[in-house]
$ cat run-v6.tsv   # TSV, C-alpha atoms and all ligand atoms
chain	number	residue	atom	x	y	z
N	51	MET	CA	123.18	0.02	-16.17
N	52	THR	CA	124.56	-1.69	-13.05
N	53	PRO	CA	123.07	-0.64	-9.71
N	54	ALA	CA	126.52	0.54	-8.52
N	55	ALA	CA	126.95	2.80	-11.54
N	56	ASP	CA	123.45	4.14	-11.01
N	57	ARG	CA	124.24	4.90	-7.36
N	58	ARG	CA	127.36	6.78	-8.45
N	59	TRP	CA	125.21	8.89	-10.74
N	60	VAL	CA	122.72	9.60	-7.93
N	61	HIS	CA	125.57	10.74	-5.67
N	62	ALA	CA	126.90	13.01	-8.41
N	63	ALA	CA	123.41	14.44	-8.98
N	64	LEU	CA	122.98	15.12	-5.25
N	65	ALA	CA	126.40	16.80	-5.15
N	66	GLU	CA	125.35	18.98	-8.09
N	67	LEU	CA	122.19	20.05	-6.21
N	68	ALA	CA	124.24	20.79	-3.09
N	69	ARG	CA	126.61	22.98	-5.13
N	70	GLU	CA	123.63	24.82	-6.63
N	71	ALA	CA	122.27	25.46	-3.13
N	72	ALA	CA	125.67	26.73	-1.96
N	73	ARG	CA	125.88	29.15	-4.89
N	74	SER	CA	122.42	30.53	-4.14
N	75	ALA	CA	121.67	33.31	-1.68
N	76	ASP	CA	118.48	33.51	0.34
N	77	THR	CA	115.70	35.74	-0.98
N	78	HIS	CA	115.12	39.25	0.41
N	79	LEU	CA	112.45	40.10	2.93
N	80	LEU	CA	111.29	43.54	1.78
N	81	ARG	CA	109.64	45.91	4.26
N	82	VAL	CA	106.82	48.10	3.02
N	83	ASP	CA	105.30	50.86	5.17
N	84	LEU	CA	101.86	52.13	4.22
N	85	PRO	CA	100.82	55.53	5.62
N	86	GLY	CA	97.28	54.29	6.37
N	87	PHE	CA	98.63	51.74	8.87
N	88	PRO	CA	100.79	53.33	11.57
N	89	GLY	CA	102.35	50.69	13.81
N	90	ILE	CA	101.69	47.92	11.31
N	91	ARG	CA	104.57	46.80	9.14
N	92	PHE	CA	104.28	44.74	6.00
N	93	TYR	CA	107.05	42.40	4.88
N	94	PHE	CA	107.24	40.63	1.54
N	95	LYS	CA	109.49	37.65	0.92
N	96	ASP	CA	110.75	38.17	-2.61
N	97	GLU	CA	110.55	34.69	-4.07
N	98	ALA	CA	110.77	36.14	-7.57
N	99	ALA	CA	114.48	36.64	-6.87
N	100	HIS	CA	115.28	32.94	-7.23
N	101	PRO	CA	117.25	32.03	-10.39
N	102	THR	CA	114.06	30.60	-11.91
N	103	GLY	CA	111.89	33.53	-10.84
N	104	SER	CA	109.41	32.02	-8.41
N	105	LEU	CA	108.88	30.23	-5.11
N	106	LYS	CA	108.78	27.00	-7.15
N	107	HIS	CA	112.57	27.08	-7.21
N	108	ARG	CA	112.47	25.76	-3.63
N	109	LEU	CA	109.88	23.14	-4.51
N	110	ALA	CA	111.65	21.92	-7.67
N	111	ARG	CA	114.90	21.46	-5.74
N	112	SER	CA	113.01	19.52	-3.06
N	113	LEU	CA	111.19	17.35	-5.62
N	114	PHE	CA	114.43	16.36	-7.38
N	115	LEU	CA	116.09	15.64	-4.02
N	116	TYR	CA	113.08	13.60	-2.95
N	117	ALA	CA	113.02	11.59	-6.19
N	118	LEU	CA	116.78	10.96	-6.03
N	119	CYS	CA	116.82	9.99	-2.35
N	120	ASN	CA	113.83	7.68	-2.85
N	121	GLY	CA	115.61	5.87	-5.66
N	122	ARG	CA	112.97	6.91	-8.16
N	123	LEU	CA	115.26	8.85	-10.51
N	124	GLY	CA	118.30	7.41	-12.18
N	125	GLU	CA	120.81	8.25	-14.88
N	126	GLY	CA	119.35	9.16	-18.25
N	127	GLN	CA	115.80	8.60	-17.07
N	128	GLY	CA	114.18	12.01	-17.64
N	129	ALA	CA	111.37	13.55	-15.64
N	130	ILE	CA	107.85	14.83	-16.17
N	131	ASP	CA	105.34	16.90	-14.20
N	132	ALA	CA	102.02	18.70	-14.45
N	133	SER	CA	102.21	22.43	-13.82
N	134	SER	CA	100.51	25.76	-14.37
N	135	GLY	CA	103.95	26.88	-15.52
N	136	SER	CA	106.04	28.18	-12.63
N	137	THR	CA	106.97	24.74	-11.32
N	138	ALA	CA	107.75	23.53	-14.82
N	139	ILE	CA	110.15	26.45	-15.34
N	140	SER	CA	112.01	25.54	-12.14
N	141	GLU	CA	111.93	21.81	-12.86
N	142	ALA	CA	113.19	22.36	-16.42
N	143	TRP	CA	116.02	24.43	-14.99
N	144	PHE	CA	117.05	21.75	-12.48
N	145	ALA	CA	116.67	19.01	-15.12
N	146	ARG	CA	119.07	20.92	-17.35
N	147	LEU	CA	121.48	21.29	-14.42
N	148	LEU	CA	121.40	17.51	-13.94
N	149	GLY	CA	121.56	16.75	-17.67
N	150	LEU	CA	118.09	15.19	-17.76
N	151	ARG	CA	115.26	15.46	-20.24
N	152	PHE	CA	112.13	17.16	-18.87
N	153	VAL	CA	108.52	17.20	-20.08
N	154	ALA	CA	105.98	19.73	-18.76
N	155	VAL	CA	102.23	19.06	-19.02
N	156	MET	CA	100.37	22.36	-18.80
N	157	PRO	CA	96.92	23.84	-19.48
N	158	ASP	CA	96.79	25.49	-22.91
N	159	CYS	CA	95.84	28.82	-21.29
N	160	THR	CA	99.23	29.09	-19.52
N	161	ALA	CA	100.88	32.49	-20.07
N	162	PRO	CA	102.90	32.30	-23.34
N	163	GLY	CA	105.90	33.84	-21.59
N	164	LYS	CA	106.14	30.76	-19.37
N	165	VAL	CA	105.91	28.32	-22.28
N	166	ARG	CA	108.72	30.18	-24.06
N	167	LEU	CA	110.92	30.02	-20.96
N	168	ILE	CA	110.38	26.28	-20.52
N	169	ARG	CA	111.22	25.59	-24.17
N	170	ALA	CA	114.27	27.86	-23.93
N	171	LEU	CA	115.49	25.65	-21.07
N	172	GLY	CA	115.39	22.70	-23.46
N	173	ALA	CA	112.26	21.04	-22.06
N	174	ASP	CA	109.20	19.78	-23.96
N	175	CYS	CA	105.79	21.35	-23.33
N	176	VAL	CA	102.61	19.33	-23.70
N	177	LEU	CA	99.62	21.69	-23.69
N	178	VAL	CA	96.32	20.12	-22.68
N	179	PRO	CA	92.87	21.77	-22.86
N	180	ARG	CA	91.94	23.78	-19.76
N	181	GLY	CA	89.98	21.54	-17.44
N	182	THR	CA	91.92	18.38	-18.38
N	183	ASP	CA	93.53	16.56	-15.45
N	184	ALA	CA	97.14	17.43	-16.29
N	185	SER	CA	98.48	15.31	-13.41
N	186	ALA	CA	96.74	12.22	-14.82
N	187	VAL	CA	98.22	12.94	-18.27
N	188	ALA	CA	101.71	13.34	-16.78
N	189	ARG	CA	101.39	10.18	-14.67
N	190	GLU	CA	100.29	8.14	-17.69
N	191	ARG	CA	103.09	9.45	-19.91
N	192	ALA	CA	105.62	8.76	-17.14
N	193	ARG	CA	104.42	5.15	-17.02
N	194	ARG	CA	104.50	4.76	-20.81
N	195	GLU	CA	107.89	6.40	-21.37
N	196	GLY	CA	109.68	5.36	-18.18
N	197	LEU	CA	110.00	8.96	-16.98
N	198	CYS	CA	110.15	9.94	-13.32
N	199	PHE	CA	106.85	11.62	-12.37
N	200	LEU	CA	107.97	14.41	-10.03
N	201	ASP	CA	104.33	14.85	-8.90
N	202	GLN	CA	104.38	18.32	-7.38
N	203	PHE	CA	100.72	18.17	-6.42
N	204	GLY	CA	101.05	14.77	-4.76
N	205	LEU	CA	104.36	15.38	-2.99
N	206	ALA	CA	104.75	19.11	-2.27
N	207	GLU	CA	103.91	18.94	1.43
N	208	ARG	CA	106.14	15.87	1.92
N	209	ALA	CA	109.17	16.75	-0.16
N	210	THR	CA	109.89	19.90	1.88
N	211	ASP	CA	111.56	19.55	5.28
N	212	TRP	CA	109.00	21.26	7.48
N	213	ARG	CA	111.16	21.28	10.65
N	214	GLY	CA	113.87	23.42	9.08
N	215	ASN	CA	116.62	23.07	6.50
N	216	ASN	CA	116.04	26.74	5.70
N	217	ASN	CA	112.51	26.11	4.50
N	218	ILE	CA	110.62	29.29	3.68
N	219	ALA	CA	109.14	29.65	7.18
N	220	GLU	CA	112.48	29.23	8.94
N	221	SER	CA	114.05	31.72	6.55
N	222	ILE	CA	111.31	34.32	7.13
N	223	LEU	CA	111.44	34.06	10.92
N	224	ALA	CA	115.24	34.32	10.95
N	225	GLN	CA	115.03	37.44	8.78
N	226	MET	CA	112.39	38.91	11.14
N	227	ALA	CA	114.45	38.29	14.29
N	228	ALA	CA	115.72	41.85	14.74
N	229	GLU	CA	112.54	43.64	13.62
N	230	THR	CA	110.26	45.65	15.92
N	231	ASP	CA	107.65	42.90	15.88
N	232	PRO	CA	109.70	39.78	15.14
N	233	VAL	CA	106.80	37.36	15.57
N	234	PRO	CA	104.32	38.21	12.81
N	235	ALA	CA	100.63	38.47	13.60
N	236	TRP	CA	99.97	36.81	10.26
N	237	ILE	CA	101.78	35.03	7.49
N	238	VAL	CA	99.78	35.22	4.26
N	239	CYS	CA	100.35	32.86	1.33
N	240	GLY	CA	98.51	31.30	-1.57
N	241	ALA	CA	97.70	27.63	-2.11
N	242	GLY	CA	98.57	25.93	-5.39
N	243	THR	CA	100.12	22.65	-4.32
N	244	GLY	CA	99.46	23.65	-0.70
N	245	GLY	CA	103.14	23.09	0.03
N	246	THR	CA	103.86	26.61	1.26
N	247	SER	CA	100.89	26.87	3.62
N	248	ALA	CA	101.61	23.37	4.95
N	249	THR	CA	105.26	24.15	5.64
N	250	VAL	CA	104.50	27.53	7.21
N	251	GLY	CA	101.64	26.20	9.36
N	252	ARG	CA	103.59	23.22	10.63
N	253	TYR	CA	106.75	25.20	11.28
N	254	LEU	CA	104.91	27.84	13.33
N	255	ARG	CA	103.48	25.14	15.59
N	256	TYR	CA	106.85	23.40	15.81
N	257	ARG	CA	108.42	26.69	16.96
N	258	ARG	CA	105.47	27.32	19.35
N	259	LEU	CA	104.67	30.71	17.84
N	260	ASP	CA	101.26	32.40	17.86
N	261	THR	CA	101.52	33.64	14.28
N	262	ARG	CA	98.45	32.70	12.31
N	263	VAL	CA	98.35	31.51	8.70
N	264	CYS	CA	96.01	33.05	6.15
N	265	VAL	CA	95.58	31.52	2.71
N	266	ALA	CA	94.76	34.12	0.06
N	267	GLU	CA	92.57	32.41	-2.52
N	268	PRO	CA	90.81	33.51	-5.70
N	269	THR	CA	87.07	33.79	-5.01
N	270	GLY	CA	85.41	30.39	-5.25
N	271	GLY	CA	88.70	28.43	-5.41
N	272	ALA	CA	88.81	24.83	-4.17
N	273	PHE	CA	90.94	25.60	-1.14
N	274	ALA	CA	88.32	28.07	0.11
N	275	THR	CA	85.44	25.66	-0.51
N	276	GLY	CA	87.30	22.68	0.98
N	277	TRP	CA	88.64	24.56	4.02
N	278	ARG	CA	85.19	25.74	5.14
N	279	SER	CA	83.86	22.18	5.45
N	280	ARG	CA	87.24	20.37	5.76
N	281	ASP	CA	86.18	18.56	2.59
N	282	PRO	CA	88.92	16.82	0.57
N	283	GLN	CA	86.43	16.51	-2.31
N	284	GLY	CA	85.90	20.29	-2.44
N	285	LEU	CA	85.66	21.81	-5.91
N	286	ALA	CA	86.08	25.37	-7.15
N	287	SER	CA	82.82	27.14	-7.92
N	288	GLN	CA	84.47	29.37	-10.55
N	289	PRO	CA	87.71	29.53	-12.54
N	290	THR	CA	90.39	32.18	-12.05
N	291	LEU	CA	92.89	34.08	-14.16
N	292	ILE	CA	95.44	33.97	-11.34
N	293	GLU	CA	98.07	31.35	-12.19
N	294	GLY	CA	99.62	29.16	-9.51
N	295	ILE	CA	96.68	29.32	-7.10
N	296	GLY	CA	92.90	28.89	-7.17
N	297	ARG	CA	92.97	25.18	-8.00
N	298	PRO	CA	89.87	23.57	-9.52
N	299	ARG	CA	89.87	20.85	-6.84
N	300	VAL	CA	91.42	20.16	-3.46
N	301	GLU	CA	95.00	18.89	-3.89
N	302	PRO	CA	96.58	16.19	-1.70
N	303	GLY	CA	98.95	18.80	-0.21
N	304	PHE	CA	96.15	21.02	1.15
N	305	LEU	CA	96.44	20.69	4.92
N	306	PHE	CA	93.35	22.47	6.17
N	307	ASP	CA	94.11	22.04	9.88
N	308	VAL	CA	97.19	24.31	9.91
N	309	VAL	CA	95.39	27.19	8.17
N	310	ASP	CA	93.62	29.69	10.44
N	311	ARG	CA	91.81	31.72	7.83
N	312	VAL	CA	91.07	31.90	4.12
N	313	GLU	CA	90.55	35.24	2.38
N	314	GLU	CA	88.82	35.07	-0.98
N	315	VAL	CA	89.84	37.76	-3.46
N	316	ASP	CA	88.22	38.65	-6.80
N	317	ASP	CA	90.54	38.46	-9.80
N	318	ALA	CA	90.16	42.17	-10.66
N	319	ASP	CA	91.31	43.08	-7.14
N	320	SER	CA	94.25	40.64	-7.27
N	321	ILE	CA	95.35	42.03	-10.62
N	322	ALA	CA	94.97	45.65	-9.51
N	323	ALA	CA	96.97	44.81	-6.38
N	324	ALA	CA	99.73	43.29	-8.54
N	325	TRP	CA	99.86	46.59	-10.47
N	326	ARG	CA	99.96	48.46	-7.14
N	327	LEU	CA	102.85	46.32	-5.88
N	328	GLU	CA	104.85	47.47	-8.88
N	329	SER	CA	104.47	51.10	-7.82
N	330	LEU	CA	105.26	50.28	-4.17
N	331	ILE	CA	108.29	48.07	-4.79
N	332	GLY	CA	109.50	49.16	-8.20
N	333	ARG	CA	109.26	45.78	-9.86
N	334	ARG	CA	106.51	43.65	-11.35
N	335	TYR	CA	105.15	40.57	-9.63
N	336	GLY	CA	102.52	38.07	-10.73
N	337	GLY	CA	98.82	37.88	-9.92
N	338	SER	CA	99.09	35.65	-6.85
N	339	SER	CA	101.32	38.26	-5.19
N	340	GLY	CA	98.43	40.68	-5.70
N	341	THR	CA	96.00	38.20	-4.13
N	342	ASN	CA	98.33	38.00	-1.12
N	343	PHE	CA	98.55	41.78	-0.91
N	344	VAL	CA	94.76	42.21	-0.82
N	345	ALA	CA	94.50	39.67	2.01
N	346	CYS	CA	97.32	41.50	3.88
N	347	LEU	CA	95.41	44.78	3.61
N	348	ARG	CA	92.20	43.22	4.95
N	349	LEU	CA	94.06	41.66	7.89
N	350	ALA	CA	95.85	44.96	8.57
N	351	ARG	CA	92.53	46.81	8.66
N	352	ALA	CA	91.23	44.31	11.19
N	353	LEU	CA	94.36	44.72	13.35
N	354	ARG	CA	94.04	48.49	13.13
N	355	ASP	CA	90.33	48.40	14.02
N	356	GLU	CA	91.20	46.39	17.13
N	357	GLY	CA	93.80	49.02	18.05
N	358	ARG	CA	96.61	46.52	17.62
N	359	ARG	CA	100.03	46.90	16.02
N	360	GLY	CA	102.34	44.27	14.64
N	361	SER	CA	103.82	42.75	11.54
N	362	ILE	CA	102.24	40.96	8.61
N	363	VAL	CA	104.42	38.85	6.33
N	364	SER	CA	103.57	37.66	2.86
N	365	LEU	CA	105.15	36.39	-0.33
N	366	LEU	CA	105.95	37.81	-3.72
N	367	CYS	CA	105.49	34.52	-5.51
N	368	ASP	CA	106.79	35.09	-9.03
N	369	ARG	CA	108.12	37.62	-11.50
N	370	GLY	CA	105.60	39.83	-13.25
N	371	ASP	CA	107.41	39.92	-16.60
N	372	ARG	CA	105.88	36.50	-17.29
N	373	TYR	CA	102.47	38.16	-17.53
N	374	GLU	CA	103.30	41.05	-19.86
N	375	GLU	CA	100.89	39.69	-22.49
N	376	THR	CA	98.19	38.86	-19.96
N	377	LEU	CA	97.76	40.55	-16.56
N	378	PHE	CA	99.79	43.61	-17.52
N	379	ASP	CA	98.12	44.12	-20.91
N	380	PRO	CA	95.01	46.33	-20.58
N	381	ALA	CA	93.59	45.00	-23.88
N	382	TRP	CA	93.90	41.40	-22.71
N	383	LEU	CA	92.27	42.31	-19.40
N	384	SER	CA	89.27	43.92	-21.03
N	385	ASP	CA	88.92	40.88	-23.35
N	386	GLN	CA	88.68	38.78	-20.18
N	387	GLY	CA	86.05	41.09	-18.71
N	388	ILE	CA	88.36	42.40	-15.99
N	389	GLU	CA	87.63	45.94	-14.83
N	390	LEU	CA	91.03	47.12	-13.73
N	391	ALA	CA	89.74	50.54	-12.65
N	392	ALA	CA	87.23	48.94	-10.28
N	393	GLY	CA	89.98	46.73	-8.83
N	394	ARG	CA	92.21	49.74	-8.34
N	395	ALA	CA	89.45	51.57	-6.49
N	396	THR	CA	89.00	48.56	-4.19
N	397	VAL	CA	92.72	48.38	-3.43
N	398	ALA	CA	92.96	52.13	-2.84
N	399	ALA	CA	90.00	51.92	-0.43
N	400	LEU	CA	91.65	49.04	1.43
N	401	GLU	CA	94.86	51.06	1.76
N	402	SER	CA	93.10	54.18	3.00
N	403	ALA	CA	93.28	55.41	6.57
V	1	LIG	C1	102.67	27.55	-6.75
V	1	LIG	C2	102.39	28.96	-6.66
V	1	LIG	C3	101.73	29.50	-5.55
V	1	LIG	C4	101.26	28.66	-4.39
V	1	LIG	O1	102.27	27.97	-3.69
V	1	LIG	P1	102.11	26.45	-3.19
V	1	LIG	O2	103.24	26.25	-2.28
V	1	LIG	O3	102.20	25.58	-4.42
V	1	LIG	O4	100.79	26.27	-2.55
V	1	LIG	C5	101.50	30.86	-5.56
V	1	LIG	N1	101.87	31.63	-6.60
V	1	LIG	C6	102.51	31.14	-7.67
V	1	LIG	C7	102.89	32.06	-8.79
V	1	LIG	C8	102.79	29.79	-7.75
V	1	LIG	O5	103.42	29.31	-8.81
$ encode --input "run-v6.tsv" --output "structure tokens"
Amino acid sequence: MTPAADRRWVHAALAELAREAARSADTHLLRVDLPGFPGIRFYFKDEAAHPTGSLKHRLARSLFLYALCNGRLGEGQGAIDASSGSTAISEAWFARLLGLRFVAVMPDCTAPGKVRLIRALGADCVLVPRGTDASAVARERARREGLCFLDQFGLAERATDWRGNNNIAESILAQMAAETDPVPAWIVCGAGTGGTSATVGRYLRYRRLDTRVCVAEPTGGAFATGWRSRDPQGLASQPTLIEGIGRPRVEPGFLFDVVDRVEEVDDADSIAAAWRLESLIGRRYGGSSGTNFVACLRLARALRDEGRRGSIVSLLCDRGDRYEETLFDPAWLSDQGIELAAGRATVAALESA
């Protein structure tokens, strides 16, 4: 293909992404009031409402834009990435929009609902044993087959425009503008690629706001270990059932310096909190939303104990229907040694007055 023809294709692809953005609405910021916390309001940014069901919709759009604008993705080339599933779903969706082949490299323990969705979008799934470096597998296949390696873990914090462009932080703060406490005391998010916490932390500084950032992390996850000692070689001390967060090692997008606090949450508590969110909001969300909710409750208790009021904002990261056969199946949970009842008791105690 001639360079000029290739450039024409890139322009057409960028126009297609711009049209997709124009057709999309922003996600809701849902307010939840809990009787145990008078004067403290909780807000949840419903990232499950994106067309591809998770906050990775934003990231996938940014990664394709970044690859196209860096001249790394051309007509008919195809793309590949490593993912715990949510990113692959969004990338497969955007690849289909652009008429490109997509290959997802995922751990073989990924929720079957996600694998089905990715295949239904016409993409190929390569399942590697849990513990394998999926990014290395994807990078190698990209090299061998001439695919564009979208590299979510390597590029997440760079591909997103942290100063604005309706990034998630700008969107949240605009939606908060007319609330009683428009500047949140805390914004709570998870860390998978680290892209969300990096964008939120940078944007808050850029806007000169006092809001602090809390990363909600599965107990023993690499972000927690790394953050304590600012160690880029940090490793997780235990695995987690919560998909999307709780990485086995520190990822390149983990910016420790913009994170004010890390709350570690046991899987049973995260899962019980995800179940609780369903009864509070009326819809199911995934495990990492539960992890966020537990961290929100702990921060709210601390605010309350100090006699303070204010707002706490967090994210509903993905749709819960993806976990019907896992986190929302009591038999599966007991096979994994998760005591849901104990988790529920913990969450109820955190919510209590
Ligand atoms: C990716 C992901 C996260 C974490 O977001 P990052 O911006 O990648 O750090 C949280 N929850 C789910 C379900 C995810 O897929």
$ closest_residue --input "run-v6.tsv" --among "N:Glu301, N:Arg180, N:Thr269, N:Arg359" --to "Ser287 in chain N" --atoms "only C-alpha atoms"
N:Thr269
$ closest_atom_pairs --input "run-v6.tsv" --of "chain N" --to "ligand LIG 1 (chain V)" --cutoff "6 Å" --atoms "only C-alpha atoms and all ligand atoms" --output "JSON lines"
{"residue": "N:Ser136", "atom": "CA", "partner": "V:LIG1", "partner_atom": "O5", "distance": 4.8}
{"residue": "N:Gly240", "atom": "CA", "partner": "V:LIG1", "partner_atom": "C4", "distance": 4.7}
{"residue": "N:Ala241", "atom": "CA", "partner": "V:LIG1", "partner_atom": "O4", "distance": 3.4}
{"residue": "N:Gly242", "atom": "CA", "partner": "V:LIG1", "partner_atom": "O4", "distance": 3.6}
{"residue": "N:Thr243", "atom": "CA", "partner": "V:LIG1", "partner_atom": "O3", "distance": 3.6}
{"residue": "N:Gly244", "atom": "CA", "partner": "V:LIG1", "partner_atom": "O4", "distance": 3.5}
{"residue": "N:Gly245", "atom": "CA", "partner": "V:LIG1", "partner_atom": "O2", "distance": 3.9}
{"residue": "N:Thr246", "atom": "CA", "partner": "V:LIG1", "partner_atom": "O2", "distance": 3.6}
{"residue": "N:Glu293", "atom": "CA", "partner": "V:LIG1", "partner_atom": "C7", "distance": 5.9}
{"residue": "N:Gly294", "atom": "CA", "partner": "V:LIG1", "partner_atom": "C8", "distance": 3.7}
{"residue": "N:Ile295", "atom": "CA", "partner": "V:LIG1", "partner_atom": "C3", "distance": 5.3}
{"residue": "N:Ser338", "atom": "CA", "partner": "V:LIG1", "partner_atom": "N1", "distance": 4.9}
{"residue": "N:Cys367", "atom": "CA", "partner": "V:LIG1", "partner_atom": "N1", "distance": 4.8}
{"residue": "N:Asp368", "atom": "CA", "partner": "V:LIG1", "partner_atom": "C7", "distance": 4.9}
$ write_last_selection --input "run-v6.tsv" --atoms "C-alpha atoms" --output "CSV table (one decimal), keeping the file's coordinate frame"
chain,number,residue,atom,x,y,z
N,136,SER,CA,106.0,28.2,-12.6
N,240,GLY,CA,98.5,31.3,-1.6
N,241,ALA,CA,97.7,27.6,-2.1
N,242,GLY,CA,98.6,25.9,-5.4
N,243,THR,CA,100.1,22.6,-4.3
N,244,GLY,CA,99.5,23.6,-0.7
N,245,GLY,CA,103.1,23.1,0.0
N,246,THR,CA,103.9,26.6,1.3
N,293,GLU,CA,98.1,31.4,-12.2
N,294,GLY,CA,99.6,29.2,-9.5
N,295,ILE,CA,96.7,29.3,-7.1
N,338,SER,CA,99.1,35.6,-6.8
N,367,CYS,CA,105.5,34.5,-5.5
N,368,ASP,CA,106.8,35.1,-9.0
$ atom_distance --input "run-v6.tsv" --atom1 "CA of Phe152 in chain N" --atom2 "CA of Asp174 in chain N"
6.4 Å
$ closest_residue --input "run-v6.tsv" --among "N:Tyr256, N:Phe144, N:Trp325, N:Tyr116" --to "Glu207 in chain N" --atoms "only C-alpha atoms"
N:Tyr116
$ closest_residue --input "run-v6.tsv" --among "N:Val363, N:Arg58, N:Ala235, N:Ala132" --to "Glu190 in chain N" --atoms "only C-alpha atoms"
N:Ala132
$ atom_distance --input "run-v6.tsv" --atom1 "CA of Ala392 in chain N" --atom2 "CA of Val265 in chain N"
23.3 Å
$ residues_near_point --input "run-v6.tsv" --point "(99.5, 33.9, 14.6)" --cutoff "9 Å" --atoms "only C-alpha atoms" --output "list in words"
Val233, Pro234, Ala235, Trp236, Ile237, Leu254, Leu259, Asp260, Thr261, Arg262, Val263 and Asp310 of chain N
$ closest_atom_pairs --input "run-v6.tsv" --of "range 232-290 of chain N" --to "range 212-228 of chain N" --cutoff "7 Å" --atoms "all atoms listed in the file" --output "Markdown table"
| residue | atom | partner | partner_atom | distance |
| --- | --- | --- | --- | --- |
| N:Pro232 | CA | N:Met226 | CA | 4.9 |
| N:Thr249 | CA | N:Trp212 | CA | 5.1 |
| N:Val250 | CA | N:Ala219 | CA | 5.1 |
| N:Arg252 | CA | N:Trp212 | CA | 6.6 |
| N:Tyr253 | CA | N:Trp212 | CA | 5.9 |
$ residues_around --input "run-v6.tsv" --residues "Thr160 in chain N" --least-positions-apart "4" --cutoff "8 Å" --atoms "all atoms listed in the file" --output "PyMOL selection string"
chain N and resi 134-135+156+164-165+293
$ closest_atom_pairs --input "run-v6.tsv" --of "range 130-157 of chain N" --to "range 99-110 of chain N" --cutoff "10 Å" --atoms "only C-alpha atoms" --output "tab-separated table"
residue	atom	partner	partner_atom	distance
N:Gly135	CA	N:Lys106	CA	9.7
N:Ser136	CA	N:Lys106	CA	6.2
N:Thr137	CA	N:Lys106	CA	5.1
N:Ala138	CA	N:Ala110	CA	8.3
N:Ile139	CA	N:Thr102	CA	6.7
N:Ser140	CA	N:His107	CA	5.2
N:Glu141	CA	N:Ala110	CA	5.2
N:Ala142	CA	N:Ala110	CA	8.9
N:Trp143	CA	N:Thr102	CA	7.2
N:Phe144	CA	N:Ala110	CA	7.2
N:Ala145	CA	N:Ala110	CA	9.4
$ write_last_selection --input "run-v6.tsv" --atoms "C-alpha atoms" --output "CSV table (one decimal), keeping the file's coordinate frame"
chain,number,residue,atom,x,y,z
N,135,GLY,CA,104.0,26.9,-15.5
N,136,SER,CA,106.0,28.2,-12.6
N,137,THR,CA,107.0,24.7,-11.3
N,138,ALA,CA,107.8,23.5,-14.8
N,139,ILE,CA,110.2,26.4,-15.3
N,140,SER,CA,112.0,25.5,-12.1
N,141,GLU,CA,111.9,21.8,-12.9
N,142,ALA,CA,113.2,22.4,-16.4
N,143,TRP,CA,116.0,24.4,-15.0
N,144,PHE,CA,117.0,21.8,-12.5
N,145,ALA,CA,116.7,19.0,-15.1
$ residues_around --input "run-v6.tsv" --residues "Asp96 in chain N" --least-positions-apart "3" --cutoff "8 Å" --atoms "all atoms listed in the file" --output "list in words"
Thr77, His78, Leu79, Leu80, Ala99, Leu365, Leu366 and Cys367 of chain N
$ write_last_selection --input "run-v6.tsv" --atoms "C-alpha atoms" --output "short mmCIF file (atom, residue, chain, number, x, y, z; two decimals), keeping the file's coordinate frame"
data_model
loop_
_atom_site.label_atom_id
_atom_site.label_comp_id
_atom_site.auth_asym_id
_atom_site.auth_seq_id
_atom_site.Cartn_x
_atom_site.Cartn_y
_atom_site.Cartn_z
CA THR N 77 115.70 35.74 -0.98
CA HIS N 78 115.12 39.25 0.41
CA LEU N 79 112.45 40.10 2.93
CA LEU N 80 111.29 43.54 1.78
CA ALA N 99 114.48 36.64 -6.87
CA LEU N 365 105.15 36.39 -0.33
CA LEU N 366 105.95 37.81 -3.72
CA CYS N 367 105.49 34.52 -5.51
#
$ closest_residue --input "run-v6.tsv" --among "N:Leu67, N:Ala170, N:Val176, N:Ala286" --to "Asp158 in chain N" --atoms "all atoms listed in the file"
N:Val176
$ closest_residue --input "run-v6.tsv" --among "N:Ala381, N:Leu84, N:Leu64, N:Ala117" --to "Leu197 in chain N" --atoms "all atoms listed in the file"
N:Ala117
$ closest_residue --input "run-v6.tsv" --among "N:Arg122, N:Arg169, N:Arg257, N:Arg81" --to "Phe199 in chain N" --atoms "only C-alpha atoms"
N:Arg122
$ atom_distance --input "run-v6.tsv" --atom1 "CA of Leu353 in chain N" --atom2 "CA of Thr396 in chain N"
18.7 Å
$ residues_around --input "run-v6.tsv" --residues "range 87-91 of chain N" --least-positions-apart "5" --cutoff "7 Å" --atoms "all atoms listed in the file" --output "PyMOL selection string"
chain N and resi 82+359-362+403
$ residues_around --input "run-v6.tsv" --residues "Glu375 in chain N" --least-positions-apart "5" --cutoff "10 Å" --atoms "all atoms listed in the file" --output "number ranges by chain"
N: 161-163, 380-383
$ write_last_selection --input "run-v6.tsv" --atoms "C-alpha atoms" --output "mmCIF file, in the frame of the given file"
data_model
loop_
_atom_site.group_PDB
_atom_site.id
_atom_site.type_symbol
_atom_site.label_atom_id
_atom_site.label_comp_id
_atom_site.auth_asym_id
_atom_site.auth_seq_id
_atom_site.Cartn_x
_atom_site.Cartn_y
_atom_site.Cartn_z
ATOM 1 C CA ALA N 161 100.880 32.490 -20.070
ATOM 2 C CA PRO N 162 102.900 32.300 -23.340
ATOM 3 C CA GLY N 163 105.900 33.840 -21.590
ATOM 4 C CA PRO N 380 95.010 46.330 -20.580
ATOM 5 C CA ALA N 381 93.590 45.000 -23.880
ATOM 6 C CA TRP N 382 93.900 41.400 -22.710
ATOM 7 C CA LEU N 383 92.270 42.310 -19.400
#
$ residues_around --input "run-v6.tsv" --residues "Cys264 in chain N" --least-positions-apart "5" --cutoff "6 Å" --atoms "all atoms listed in the file" --output "number ranges by chain"
N: 238, 310-312
